[in-house]
>>> print(open('target00.txt').read())   # compact mmCIF, C-alpha atoms
# COMPACT_ATOMS: atom_id res chain seq x y z
CA MET T 1 108.32 41.74 -59.17
CA THR T 2 106.25 44.75 -58.17
CA ASP T 3 108.06 47.29 -56.06
CA ALA T 4 109.34 50.85 -56.21
CA TYR T 5 111.60 49.94 -59.12
CA SER T 6 108.89 48.76 -61.47
CA ASN T 7 108.51 52.40 -62.54
CA ASN T 8 111.82 54.28 -62.55
CA LYS T 9 110.35 57.59 -63.74
CA VAL T 10 110.81 60.29 -61.14
CA SER T 11 108.06 62.87 -60.70
CA VAL T 12 109.56 66.34 -60.27
CA MET T 13 108.25 69.72 -59.23
CA LEU T 14 110.31 72.70 -60.34
CA ALA T 15 110.15 75.90 -58.28
CA GLY T 16 111.93 79.20 -58.83
CA ALA T 17 111.36 82.94 -58.80
CA GLY T 18 109.82 83.65 -62.20
CA HIS T 19 109.17 82.03 -65.57
CA GLU T 20 112.68 82.73 -66.83
CA VAL T 21 114.24 80.60 -64.09
CA VAL T 22 111.76 77.73 -64.16
CA TYR T 23 110.91 77.37 -67.85
CA TYR T 24 114.14 78.46 -69.55
CA GLN T 25 116.85 77.43 -67.09
CA MET T 26 115.58 74.51 -65.01
CA GLN T 27 113.14 72.74 -67.32
CA PRO T 28 115.07 72.14 -70.60
CA PRO T 29 117.79 69.83 -69.21
CA MET T 30 115.20 67.98 -67.14
CA LEU T 31 112.93 67.37 -70.15
CA ALA T 32 115.93 66.00 -72.05
CA ASP T 33 116.31 63.29 -69.41
CA ALA T 34 113.80 60.44 -69.94
CA ARG T 35 114.11 59.37 -66.31
CA PHE T 36 112.01 62.34 -65.16
CA ILE T 37 108.40 63.41 -65.56
CA VAL T 38 107.15 66.90 -64.72
CA ALA T 39 104.62 66.87 -61.90
CA GLY T 40 104.27 70.66 -61.76
CA HIS T 41 105.85 74.08 -61.73
CA ALA T 42 105.82 77.01 -59.31
CA THR T 43 107.05 80.46 -60.23
CA GLN T 44 105.64 82.16 -57.11
CA TRP T 45 105.78 81.25 -53.44
CA SER T 46 101.99 81.07 -53.13
CA MET T 47 101.85 78.56 -56.00
CA LEU T 48 104.49 76.38 -54.34
CA GLU T 49 102.71 76.39 -50.99
CA ALA T 50 99.31 75.65 -52.56
CA ASN T 51 100.34 72.87 -54.97
CA LEU T 52 103.17 70.98 -53.32
CA ALA T 53 101.07 68.84 -50.97
CA ASN T 54 98.57 68.04 -53.74
CA LEU T 55 101.18 66.99 -56.32
CA LYS T 56 103.37 65.07 -53.82
CA PRO T 57 106.40 64.93 -56.15
CA ALA T 58 109.15 62.42 -55.47
CA LEU T 59 111.63 65.24 -56.07
CA LEU T 60 111.39 68.99 -55.46
CA VAL T 61 114.03 71.14 -57.14
CA VAL T 62 113.76 74.64 -55.74
CA GLN T 63 115.65 77.89 -56.13
CA ALA T 64 115.57 79.54 -52.73
CA ASP T 65 114.84 82.96 -54.27
CA ILE T 66 111.19 81.95 -54.53
CA ALA T 67 110.74 82.00 -50.74
CA PRO T 68 110.03 85.20 -48.79
CA ASP T 69 112.79 84.21 -46.33
CA PRO T 70 114.98 81.18 -45.53
CA ASP T 71 112.90 80.09 -42.53
CA SER T 72 109.74 79.78 -44.64
CA LEU T 73 111.51 77.53 -47.13
CA ILE T 74 113.09 75.43 -44.36
CA HIS T 75 109.67 74.74 -42.84
CA LEU T 76 108.18 73.87 -46.24
CA LEU T 77 111.00 71.44 -47.08
CA ALA T 78 110.49 69.59 -43.82
CA ARG T 79 106.86 68.89 -44.76
CA ILE T 80 107.65 66.78 -47.84
CA SER T 81 108.73 63.95 -45.54
CA ALA T 82 104.99 63.18 -45.24
CA TRP T 83 105.12 61.37 -48.62
CA LYS T 84 108.83 60.42 -48.49
CA GLY T 85 109.81 63.12 -50.96
CA VAL T 86 113.31 64.55 -51.25
CA ALA T 87 114.54 67.96 -52.30
CA VAL T 88 117.49 69.67 -53.96
CA VAL T 89 118.00 73.34 -53.10
CA VAL T 90 119.86 76.01 -55.07
CA LEU T 91 120.84 79.04 -53.02
CA PRO T 92 121.80 82.53 -54.20
CA MET T 93 125.08 83.90 -52.90
CA THR T 94 123.12 86.08 -50.46
CA TYR T 95 121.90 82.87 -48.72
CA LEU T 96 125.38 81.41 -48.36
CA ASP T 97 125.31 81.68 -44.56
CA PHE T 98 122.20 79.45 -44.50
CA LYS T 99 123.80 76.57 -46.42
CA GLY T 100 124.40 74.53 -43.26
CA ALA T 101 120.83 75.03 -42.05
CA PHE T 102 119.43 73.67 -45.32
CA GLU T 103 121.84 70.72 -45.34
CA ARG T 104 120.57 69.66 -41.91
CA ILE T 105 116.97 69.28 -43.14
CA GLU T 106 116.08 65.58 -43.24
CA THR T 107 114.49 65.72 -46.70
CA VAL T 108 117.25 67.71 -48.42
CA ARG T 109 119.70 65.65 -50.50
CA GLY T 110 121.78 68.44 -51.97
CA VAL T 111 122.43 72.15 -51.49
CA TYR T 112 124.13 74.11 -54.27
CA ILE T 113 125.20 77.72 -54.74
CA ALA T 114 124.11 79.54 -57.91
CA PRO T 115 125.08 79.62 -60.71
CA VAL T 116 124.81 75.87 -61.30
CA ASN T 117 124.95 73.34 -64.10
CA TRP T 118 121.37 72.06 -64.17
CA THR T 119 122.29 68.82 -65.96
CA ASP T 120 124.63 67.95 -63.10
CA ILE T 121 121.93 68.91 -60.58
CA PHE T 122 119.38 66.51 -62.09
CA GLN T 123 121.95 63.72 -62.36
CA ALA T 124 122.72 63.99 -58.63
CA ALA T 125 119.03 64.35 -57.80
CA TYR T 126 118.13 61.14 -59.65
CA GLY T 127 120.65 59.22 -57.57
CA ALA T 128 119.16 60.69 -54.40
CA VAL T 129 115.65 59.56 -55.35
CA MET T 130 116.86 56.06 -56.22
CA THR T 131 118.54 55.81 -52.84
CA GLU T 132 115.30 56.82 -51.16
CA ARG T 133 113.36 54.25 -53.19
CA ALA T 134 115.82 51.56 -52.14
CA LYS T 135 115.13 52.40 -48.51
CA LEU T 136 111.37 52.29 -49.07
CA ALA T 137 111.54 48.99 -50.95
CA GLN T 138 113.32 47.47 -47.98
CA ALA T 139 110.98 48.99 -45.40
CA ALA T 140 107.56 47.79 -46.55
CA PRO T 141 105.14 46.20 -45.86
CA MET T 142 105.75 44.56 -42.50
CA HIS T 143 106.83 45.31 -38.95
CA GLN T 144 108.66 42.73 -36.88
CA SER T 145 109.24 43.05 -33.17
CA LEU T 146 112.51 41.92 -31.70
CA SER T 147 110.68 40.28 -28.82
CA GLY T 148 113.82 38.72 -27.42
CA PHE T 149 115.07 42.17 -26.39
CA ASN T 150 111.81 43.79 -25.35
CA SER T 151 111.04 44.96 -21.87
CA ALA T 152 108.39 47.22 -20.39
CA ASN T 153 110.48 50.29 -21.19
CA ASN T 154 112.50 49.19 -24.19
CA ALA T 155 111.37 47.82 -27.56
CA ALA T 156 113.41 47.38 -30.70
CA PHE T 157 111.84 47.07 -34.12
CA ILE T 158 112.81 46.54 -37.72
CA THR T 159 110.48 47.28 -40.60
CA GLY T 160 110.01 45.71 -43.98
CA THR T 161 110.90 42.38 -45.51
CA LYS T 162 114.59 42.19 -46.34
CA ARG T 163 114.82 39.74 -49.26
CA ILE T 164 118.49 38.82 -49.35
CA ALA T 165 120.12 36.91 -52.21
CA ILE T 166 123.51 35.51 -51.17
CA LEU T 167 125.32 34.53 -54.34
CA SER T 168 128.54 34.04 -56.27
CA HIS T 169 129.49 32.60 -59.61
CA ALA T 170 132.37 30.77 -57.91
CA GLY T 171 131.74 27.58 -55.99
CA GLY T 172 133.04 26.96 -52.50
CA VAL T 173 133.30 30.61 -51.45
CA GLY T 174 131.06 30.18 -48.40
CA CYS T 175 127.64 31.39 -49.59
CA SER T 176 125.85 28.58 -47.75
CA THR T 177 127.87 29.08 -44.58
CA ILE T 178 127.16 32.80 -44.50
CA ALA T 179 123.47 32.39 -45.41
CA GLU T 180 122.86 29.77 -42.72
CA ASN T 181 124.68 31.61 -39.96
CA LEU T 182 123.18 34.98 -40.89
CA ALA T 183 119.68 33.47 -40.82
CA TYR T 184 120.33 31.66 -37.53
CA GLU T 185 121.72 34.79 -35.86
CA LEU T 186 118.67 36.78 -36.90
CA ALA T 187 116.07 34.16 -36.00
CA VAL T 188 117.48 32.50 -32.89
CA ARG T 189 119.74 35.03 -31.24
CA MET T 190 117.89 38.19 -32.24
CA SER T 191 114.28 36.93 -32.37
CA VAL T 192 113.73 38.27 -35.89
CA LYS T 193 111.27 36.14 -37.85
CA THR T 194 113.44 34.72 -40.61
CA LEU T 195 113.11 32.23 -43.45
CA LEU T 196 116.17 30.49 -44.93
CA ILE T 197 115.79 28.99 -48.41
CA SER T 198 118.58 26.53 -49.22
CA MET T 199 118.58 26.22 -53.03
CA GLY T 200 121.66 24.18 -53.89
CA LEU T 201 121.75 20.70 -55.39
CA PRO T 202 121.96 19.09 -52.93
CA PRO T 203 120.86 21.75 -50.44
CA ALA T 204 123.57 22.58 -47.89
CA ALA T 205 121.31 23.33 -44.92
CA PRO T 206 120.29 19.78 -43.82
CA PRO T 207 123.75 18.56 -42.73
CA HIS T 208 124.83 21.96 -41.39
CA LEU T 209 121.65 22.61 -39.37
CA LYS T 210 120.91 18.97 -38.45
CA LEU T 211 117.78 18.94 -40.60
CA HIS T 212 116.45 16.34 -43.06
CA TYR T 213 116.25 16.28 -46.85
CA LEU T 214 112.51 15.65 -46.50
CA PRO T 215 110.19 17.47 -46.43
CA SER T 216 111.50 19.63 -49.23
CA LEU T 217 110.17 22.13 -51.74
CA THR T 218 108.83 19.15 -53.69
CA GLU T 219 105.88 19.32 -51.26
CA TYR T 220 105.11 22.83 -52.44
CA PHE T 221 105.64 22.31 -56.18
CA ASP T 222 103.47 19.19 -56.22
CA HIS T 223 100.51 21.18 -54.86
CA PRO T 224 101.26 24.96 -54.83
CA GLY T 225 99.48 26.77 -52.03
CA LYS T 226 99.64 27.91 -48.44
CA ALA T 227 99.07 24.47 -46.91
CA SER T 228 101.82 22.78 -48.92
CA PHE T 229 104.15 25.72 -48.23
CA GLN T 230 103.72 25.05 -44.52
CA ALA T 231 104.17 21.33 -45.10
CA ALA T 232 107.55 21.96 -46.77
CA LEU T 233 108.93 23.98 -43.84
CA GLN T 234 111.49 22.60 -41.42
CA ARG T 235 112.71 24.32 -38.27
CA CYS T 236 116.06 24.77 -36.61
CA GLU T 237 115.01 26.21 -33.26
CA ALA T 238 113.28 29.51 -34.16
CA LEU T 239 114.62 29.52 -37.74
CA GLU T 240 112.23 28.36 -40.48
CA VAL T 241 113.90 26.61 -43.41
CA LEU T 242 112.92 25.50 -46.91
CA VAL T 243 115.24 23.12 -48.75
CA ALA T 244 115.43 22.32 -52.44
CA PRO T 245 114.94 18.66 -53.40
CA GLU T 246 117.97 16.40 -53.06
CA SER T 247 116.87 14.43 -56.12
CA SER T 248 118.32 15.71 -59.40
CA ILE T 249 115.18 14.59 -61.21
CA GLU T 250 112.92 16.61 -58.89
CA TYR T 251 115.29 19.58 -59.01
CA MET T 252 115.24 19.68 -62.82
CA ARG T 253 111.47 19.17 -62.91
CA ILE T 254 111.06 22.35 -60.84
CA LEU T 255 113.38 24.20 -63.23
CA GLU T 256 111.31 23.06 -66.21
CA SER T 257 108.03 24.09 -64.56
CA SER T 258 109.50 27.53 -63.82
CA ALA T 259 110.26 28.40 -67.42
CA GLY T 260 106.93 30.20 -67.91
CA ALA T 261 105.72 33.60 -66.78
CA GLY T 262 106.63 33.17 -63.12
CA GLY T 263 103.20 32.42 -61.70
CA GLU T 264 101.89 29.61 -59.50
CA GLY T 265 104.05 26.52 -59.46
CA THR T 266 107.26 28.32 -60.44
CA ILE T 267 110.30 29.25 -58.36
CA GLN T 268 109.27 32.90 -58.56
CA GLY T 269 105.74 32.00 -57.47
CA MET T 270 107.14 30.10 -54.49
CA LEU T 271 109.27 33.08 -53.51
CA ASN T 272 106.30 35.43 -53.84
CA ASP T 273 104.24 33.08 -51.66
CA SER T 274 106.97 33.12 -49.01
CA GLU T 275 106.05 36.71 -48.19
CA ASN T 276 102.72 35.48 -46.85
CA GLY T 277 104.68 34.20 -43.86
CA HIS T 278 105.27 37.78 -42.70
CA TYR T 279 109.01 37.33 -42.36
CA ALA T 280 111.29 40.22 -41.50
CA ALA T 281 114.10 38.55 -43.43
CA ILE T 282 114.12 36.00 -46.24
CA VAL T 283 117.66 34.72 -46.77
CA MET T 284 118.26 32.88 -50.05
CA ASP T 285 121.29 30.63 -50.44
CA VAL T 286 121.48 30.94 -54.23
CA PRO T 287 123.34 28.27 -56.25
CA SER T 288 126.28 29.36 -58.42
CA SER T 289 124.75 27.78 -61.54
CA GLU T 290 123.20 30.46 -63.75
CA ASP T 291 119.73 28.96 -64.05
CA LEU T 292 116.22 29.90 -62.93
CA TRP T 293 117.02 29.16 -59.26
CA MET T 294 119.46 32.06 -59.49
CA ALA T 295 117.49 34.27 -61.88
CA HIS T 296 114.19 34.14 -59.97
CA SER T 297 116.00 34.71 -56.68
CA VAL T 298 117.72 37.82 -57.98
CA VAL T 299 114.46 39.19 -59.38
CA PHE T 300 112.74 38.59 -56.04
CA ALA T 301 115.54 40.04 -53.92
CA ASN T 302 115.82 43.64 -52.81
CA THR T 303 119.34 43.09 -51.45
CA ALA T 304 122.30 41.18 -52.90
CA LEU T 305 125.36 39.97 -51.01
CA ILE T 306 128.15 38.86 -53.35
CA VAL T 307 130.47 36.51 -51.49
CA ALA T 308 134.10 36.29 -52.58
CA ARG T 309 137.44 35.14 -51.29
CA PRO T 310 140.35 37.58 -51.85
CA THR T 311 141.70 35.59 -54.82
CA LEU T 312 142.17 36.24 -58.52
CA SER T 313 139.62 33.59 -59.54
CA ASP T 314 137.00 35.04 -57.17
CA LEU T 315 137.71 38.52 -58.54
CA ALA T 316 136.81 37.22 -62.02
CA ALA T 317 133.68 35.52 -60.65
CA THR T 318 132.63 38.72 -58.86
CA ARG T 319 133.02 40.70 -62.07
CA HIS T 320 130.68 38.24 -63.77
CA THR T 321 128.13 38.46 -60.93
CA LEU T 322 128.21 42.26 -61.03
CA SER T 323 127.70 42.25 -64.79
CA LEU T 324 124.61 40.10 -64.29
CA LEU T 325 123.18 42.37 -61.59
CA LEU T 326 123.99 45.69 -63.29
CA SER T 327 123.39 45.01 -66.97
CA GLY T 328 122.43 41.39 -67.56
CA MET T 329 118.81 41.92 -66.50
CA ARG T 330 116.07 44.26 -67.63
CA ILE T 331 116.35 47.56 -65.84
CA GLU T 332 113.04 47.17 -64.01
CA LYS T 333 114.25 43.86 -62.56
CA ARG T 334 117.61 45.07 -61.29
CA ILE T 335 118.54 45.48 -57.65
CA ALA T 336 119.48 49.06 -56.83
CA LYS T 337 123.22 49.69 -56.62
CA GLU T 338 122.74 50.92 -53.06
CA SER T 339 121.51 47.44 -52.10
CA ILE T 340 124.45 45.46 -53.50
CA HIS T 341 127.28 44.61 -51.10
CA LEU T 342 130.43 42.54 -51.03
CA VAL T 343 131.25 40.00 -48.34
CA LEU T 344 134.92 39.02 -48.32
CA ASN T 345 135.35 35.58 -46.82
CA GLN T 346 138.37 33.59 -45.65
CA CYS T 347 140.63 36.63 -45.51
CA ALA T 348 144.17 36.19 -44.17
CA GLU T 349 147.38 38.20 -44.01
CA ARG T 350 148.82 36.25 -46.94
CA SER T 351 145.73 36.56 -49.15
CA GLY T 352 146.34 37.58 -52.74
CA PHE T 353 144.34 40.78 -52.28
CA THR T 354 143.61 43.12 -49.43
CA PRO T 355 139.99 44.28 -49.18
CA ARG T 356 141.03 47.65 -50.61
CA SER T 357 142.98 46.19 -53.54
CA PHE T 358 140.12 43.77 -54.30
CA GLN T 359 137.71 46.71 -54.55
CA ASP T 360 140.17 48.76 -56.60
CA GLU T 361 140.68 45.96 -59.11
CA LEU T 362 136.93 45.45 -59.37
CA ALA T 363 136.28 49.16 -59.91
CA ALA T 364 139.02 49.36 -62.53
CA THR T 365 137.45 46.64 -64.66
CA VAL T 366 133.72 47.05 -64.01
CA GLY T 367 133.67 50.80 -63.36
CA TRP T 368 132.17 50.42 -59.90
CA ALA T 369 132.71 48.29 -56.82
CA PRO T 370 130.07 47.60 -54.16
CA PRO T 371 130.88 48.55 -50.58
CA ILE T 372 132.20 45.77 -48.36
CA ALA T 373 129.56 44.82 -45.81
CA ALA T 374 131.71 42.36 -43.86
CA ILE T 375 135.18 40.84 -43.82
CA LEU T 376 135.33 37.31 -42.41
CA PRO T 377 138.75 35.96 -41.46
CA TYR T 378 140.10 32.57 -42.41
CA ASP T 379 139.56 30.32 -39.41
CA PRO T 380 139.97 26.51 -39.43
CA LEU T 381 137.35 26.35 -36.68
CA VAL T 382 134.68 27.17 -39.28
CA PRO T 383 134.90 23.96 -41.36
CA GLN T 384 135.64 21.93 -38.22
CA ALA T 385 132.42 23.13 -36.61
CA GLN T 386 130.39 22.42 -39.75
CA ASP T 387 131.81 18.91 -40.02
CA ASN T 388 130.50 18.31 -36.50
CA GLY T 389 127.06 19.74 -37.30
CA ILE T 390 127.75 22.87 -35.25
CA LEU T 391 127.16 26.42 -36.47
CA PRO T 392 130.53 28.24 -36.81
CA LEU T 393 128.83 31.30 -35.37
CA THR T 394 128.95 29.62 -31.96
CA ARG T 395 132.61 28.58 -32.17
CA SER T 396 134.59 31.27 -34.00
CA ASP T 397 134.63 34.78 -32.54
CA GLY T 398 136.07 36.25 -35.74
CA PHE T 399 133.36 34.65 -37.87
CA ALA T 400 130.64 35.72 -35.41
CA ASN T 401 131.91 39.31 -35.47
CA GLY T 402 131.76 39.26 -39.27
CA ILE T 403 128.14 38.08 -39.24
CA ARG T 404 127.29 40.81 -36.72
CA SER T 405 128.95 43.42 -38.97
CA LEU T 406 126.84 42.15 -41.85
CA ILE T 407 123.63 42.48 -39.83
CA ASN T 408 124.63 45.98 -38.82
CA VAL T 409 124.82 46.96 -42.51
CA LEU T 410 121.59 45.19 -43.49
CA PHE T 411 119.61 46.35 -40.45
CA PRO T 412 121.23 49.56 -39.16
CA THR T 413 118.38 50.20 -36.70
CA MET T 414 119.18 46.97 -34.88
CA ARG T 415 122.49 48.18 -33.43
CA SER T 416 121.08 48.68 -29.92
CA ALA T 417 119.47 45.23 -29.98
CA MET T 418 122.77 43.66 -30.99
CA GLU T 419 124.58 45.43 -28.17
CA MET T 420 122.01 44.09 -25.71
CA SER T 421 122.50 40.59 -27.17
CA ASP T 422 126.25 40.90 -26.74
CA ARG T 423 125.86 41.82 -23.08
CA LYS T 424 123.44 38.94 -22.60
CA ASN T 425 125.78 36.44 -24.27
CA ARG T 426 128.74 37.65 -22.22
CA SER T 427 126.79 36.85 -19.07
CA VAL T 428 126.59 33.15 -20.03
CA LEU T 429 129.32 30.96 -18.59
CA ARG T 430 131.52 29.60 -21.37
CA LEU T 431 133.95 26.75 -20.85
CA PRO T 432 137.51 27.63 -21.88
CA ARG T 433 139.11 25.84 -24.79
CA ILE T 434 141.37 23.06 -23.53
CA ARG T 435 144.68 22.45 -25.24
CA PHE T 436 146.57 19.21 -24.75
CA THR T 437 150.33 19.45 -24.67
CA SER T 438 152.86 16.71 -24.46
>>> encode(input="target00.txt", output="structure tokens")
Amino acid sequence: MTDAYSNNKVSVMLAGAGHEVVYYQMQPPMLADARFIVAGHATQWSMLEANLANLKPALLVVQADIAPDPDSLIHLLARISAWKGVAVVVLPMTYLDFKGAFERIETVRGVYIAPVNWTDIFQAAYGAVMTERAKLAQAAPMHQSLSGFNSANNAAFITGTKRIAILSHAGGVGCSTIAENLAYELAVRMSVKTLLISMGLPPAAPPHLKLHYLPSLTEYFDHPGKASFQAALQRCEALEVLVAPESSIEYMRILESSAGAGGEGTIQGMLNDSENGHYAAIVMDVPSSEDLWMAHSVVFANTALIVARPTLSDLAATRHTLSLLLSGMRIEKRIAKESIHLVLNQCAERSGFTPRSFQDELAATVGWAPPIAAILPYDPLVPQAQDNGILPLTRSDGFANGIRSLINVLFPTMRSAMEMSDRKNRSVLRLPRIRFTS
């Protein structure tokens, strides 16, 4: 996979008032950290002004003493947004009153008061750059209009291809249900061009979305290419869907052909080719089996949603999934921590864990717990709707609200579009539920 994470080295420009500050205080701890590479130094204000735009460092670490006045430095820091750079600023005590002004600058990710521990500064700065790279990886290379909400005076847009792996090492947690309803909400209700890839054996999407088992991805793997990719597609209204083969023989044949370098005719090659469809979102319903269907999906993804029920067994499964994402893969293939989220499904008052206790237990054993992107309540209407070939999204308000919360986390700029959709949906006459009593 080629994206911002294929090269984790961070280019840094160090700027401070004089050689003593830059070369003997700032530089030694930075050189000891293999994650950084020096792009340049500035020991005078004129050097910083002249070289910053040419070097375009990912990170600027600057002691404010170098500037003739705070306003000059504030204006300079704003300019590094042109190449998506970020900055960390160290202020002398005499600049303490300006701390708030520097913190409000869009490109500044940390403001510290001297004296500082430079090792701690660079540790925090690295995290800030990785967060910025995560945003960039999710915001390139495509723009998708939400045409369903556009008017002459109002347009809503999202940018980038969000490649979402929905996974768990526990079966039956609801990965397929969440993937299908998330994709449908995006494509049909929000007019976001979306591809759903149903990868299970057998794939879950056909019965849930009233599709067929043929055509399937067998069409693509028999003759890899754009034409066969289109031939493999099925559609559920505006949602485009690819389904894995129902045949175990075909399914295993694809696994065997994918054992090579990940080029044409492999699962990874198919996923790479999917980006030629200019989708705003590619939602992958990843099987729980730890094989190449899972591995290639995780490598391709720039976002991971770990689905779990609030149970002890799902806590163990989530620990295993996190271990895979955080340390079980080569570092250049890992999804950024900032792009890993939990989805707690089938939550009820009598669940074994609350969302908070589930996170706490996870953090205690793994050392870190992803943020919870959505909490979906237990609702018997969900399986009832699926058994009738109806999307739960259209029958369960609690489930629908959970999917909307998930979209709000994945696509924060779409909040206004979602609010417009809510108002539109409320204007549609809905028949009340009828209860029969004896």
>>> atom_distance(input="target00.txt", atom1="CA of Ala232 in chain T", atom2="CA of Met199 in chain T")
13.4 Å
>>> closest_residue(input="target00.txt", among="T:Arg404, T:Arg350, T:His296, T:His320", to="Lys333 in chain T", atoms="all atoms listed in the file")
T:His296
>>> residues_near_point(input="target00.txt", point="(116.3, 28.5, -47.2)", cutoff="10 Å", atoms="only C-alpha atoms", output="list in words")
Ser176, Ala179, Glu180, Ala183, Thr194, Leu195, Leu196, Ile197, Ser198, Met199, Gly200, Pro203, Ala204, Ala205, Leu217, Leu233, Gln234, Leu239, Glu240, Val241, Leu242, Val243, Ala244, Ile282, Val283, Met284, Asp285 and Val286 of chain T
>>> closest_residue(input="target00.txt", among="T:Ala134, T:Glu237, T:Gly269, T:Leu362", to="Arg189 in chain T", atoms="only C-alpha atoms")
T:Glu237
>>> residues_around(input="target00.txt", residues="range 101-118 of chain T", least_positions_apart="4", cutoff="8 Å", atoms="all atoms listed in the file", output="mmCIF file with C-alpha atoms, keeping the file's coordinate frame")
data_model
loop_
_atom_site.group_PDB
_atom_site.id
_atom_site.type_symbol
_atom_site.label_atom_id
_atom_site.label_comp_id
_atom_site.auth_asym_id
_atom_site.auth_seq_id
_atom_site.Cartn_x
_atom_site.Cartn_y
_atom_site.Cartn_z
ATOM 1 C CA GLN T 25 116.850 77.430 -67.090
ATOM 2 C CA MET T 26 115.580 74.510 -65.010
ATOM 3 C CA PRO T 29 117.790 69.830 -69.210
ATOM 4 C CA MET T 30 115.200 67.980 -67.140
ATOM 5 C CA ILE T 74 113.090 75.430 -44.360
ATOM 6 C CA LEU T 77 111.000 71.440 -47.080
ATOM 7 C CA ALA T 78 110.490 69.590 -43.820
ATOM 8 C CA ILE T 80 107.650 66.780 -47.840
ATOM 9 C CA SER T 81 108.730 63.950 -45.540
ATOM 10 C CA LYS T 84 108.830 60.420 -48.490
ATOM 11 C CA GLY T 85 109.810 63.120 -50.960
ATOM 12 C CA VAL T 86 113.310 64.550 -51.250
ATOM 13 C CA ALA T 87 114.540 67.960 -52.300
ATOM 14 C CA VAL T 88 117.490 69.670 -53.960
ATOM 15 C CA VAL T 89 118.000 73.340 -53.100
ATOM 16 C CA VAL T 90 119.860 76.010 -55.070
ATOM 17 C CA LEU T 91 120.840 79.040 -53.020
ATOM 18 C CA PRO T 92 121.800 82.530 -54.200
ATOM 19 C CA MET T 93 125.080 83.900 -52.900
ATOM 20 C CA LEU T 96 125.380 81.410 -48.360
ATOM 21 C CA PHE T 122 119.380 66.510 -62.090
ATOM 22 C CA ALA T 125 119.030 64.350 -57.800
ATOM 23 C CA ALA T 128 119.160 60.690 -54.400
#
>>> residues_around(input="target00.txt", residues="Ile166 in chain T", least_positions_apart="4", cutoff="10 Å", atoms="all atoms listed in the file", output="compact mmCIF listing (two decimals) with C-alpha atoms, keeping the file's coordinate frame")
# COMPACT_ATOMS: atom_id res chain seq x y z
CA GLY T 174 131.06 30.18 -48.40
CA CYS T 175 127.64 31.39 -49.59
CA SER T 176 125.85 28.58 -47.75
CA ILE T 178 127.16 32.80 -44.50
CA ALA T 179 123.47 32.39 -45.41
CA VAL T 283 117.66 34.72 -46.77
CA MET T 284 118.26 32.88 -50.05
CA ASP T 285 121.29 30.63 -50.44
CA VAL T 286 121.48 30.94 -54.23
CA PRO T 287 123.34 28.27 -56.25
CA SER T 288 126.28 29.36 -58.42
CA MET T 294 119.46 32.06 -59.49
CA SER T 297 116.00 34.71 -56.68
CA VAL T 298 117.72 37.82 -57.98
CA ALA T 301 115.54 40.04 -53.92
CA THR T 303 119.34 43.09 -51.45
CA ALA T 304 122.30 41.18 -52.90
CA LEU T 305 125.36 39.97 -51.01
CA ILE T 306 128.15 38.86 -53.35
CA VAL T 307 130.47 36.51 -51.49
CA HIS T 341 127.28 44.61 -51.10
CA LEU T 342 130.43 42.54 -51.03
CA VAL T 343 131.25 40.00 -48.34
>>> atom_distance(input="target00.txt", atom1="CA of Phe36 in chain T", atom2="CA of Ile340 in chain T")
24.0 Å
>>> residues_around(input="target00.txt", residues="Ser351 in chain T", least_positions_apart="6", cutoff="9 Å", atoms="all atoms listed in the file", output="tab-separated table (two decimals) with C-alpha atoms, keeping the file's coordinate frame")
chain	number	residue	atom	x	y	z
T	309	ARG	CA	137.44	35.14	-51.29
T	310	PRO	CA	140.35	37.58	-51.85
T	311	THR	CA	141.70	35.59	-54.82
>>> closest_residue(input="target00.txt", among="T:His169, T:Glu338, T:Gly277, T:Leu48", to="Gly127 in chain T", atoms="all atoms listed in the file")
T:Glu338
>>> closest_residue(input="target00.txt", among="T:Asp273, T:Asp397, T:Asp314, T:Glu290", to="Gly172 in chain T", atoms="only C-alpha atoms")
T:Asp314
>>> atom_distance(input="target00.txt", atom1="CA of Pro70 in chain T", atom2="CA of Leu31 in chain T")
28.3 Å
>>> closest_atom_pairs(input="target00.txt", of="range 187-241 of chain T", to="range 372-388 of chain T", cutoff="10 Å", atoms="all atoms listed in the file", output="Markdown table")
| residue | atom | partner | partner_atom | distance |
| --- | --- | --- | --- | --- |
| T:Pro207 | CA | T:Gln386 | CA | 8.2 |
| T:His208 | CA | T:Gln386 | CA | 5.8 |
| T:Leu209 | CA | T:Gln386 | CA | 8.8 |
| T:Lys210 | CA | T:Asn388 | CA | 9.8 |
>>> residues_around(input="target00.txt", residues="Leu255 in chain T", least_positions_apart="3", cutoff="8 Å", atoms="all atoms listed in the file", output="JSON list (two decimals) with C-alpha atoms, in the frame of the given file")
[["chain", "number", "residue", "atom", "x", "y", "z"],
["T", 251, "TYR", "CA", 115.29, 19.58, -59.01],
["T", 252, "MET", "CA", 115.24, 19.68, -62.82],
["T", 258, "SER", "CA", 109.50, 27.53, -63.82],
["T", 259, "ALA", "CA", 110.26, 28.40, -67.42],
["T", 266, "THR", "CA", 107.26, 28.32, -60.44],
["T", 267, "ILE", "CA", 110.30, 29.25, -58.36],
["T", 291, "ASP", "CA", 119.73, 28.96, -64.05],
["T", 292, "LEU", "CA", 116.22, 29.90, -62.93],
["T", 293, "TRP", "CA", 117.02, 29.16, -59.26]]
>>> closest_residue(input="target00.txt", among="T:Gly265, T:Ala15, T:Thr43, T:Leu73", to="Val61 in chain T", atoms="only C-alpha atoms")
T:Ala15
>>> closest_residue(input="target00.txt", among="T:His41, T:Arg319, T:His278, T:Lys337", to="Ala363 in chain T", atoms="only C-alpha atoms")
T:Arg319
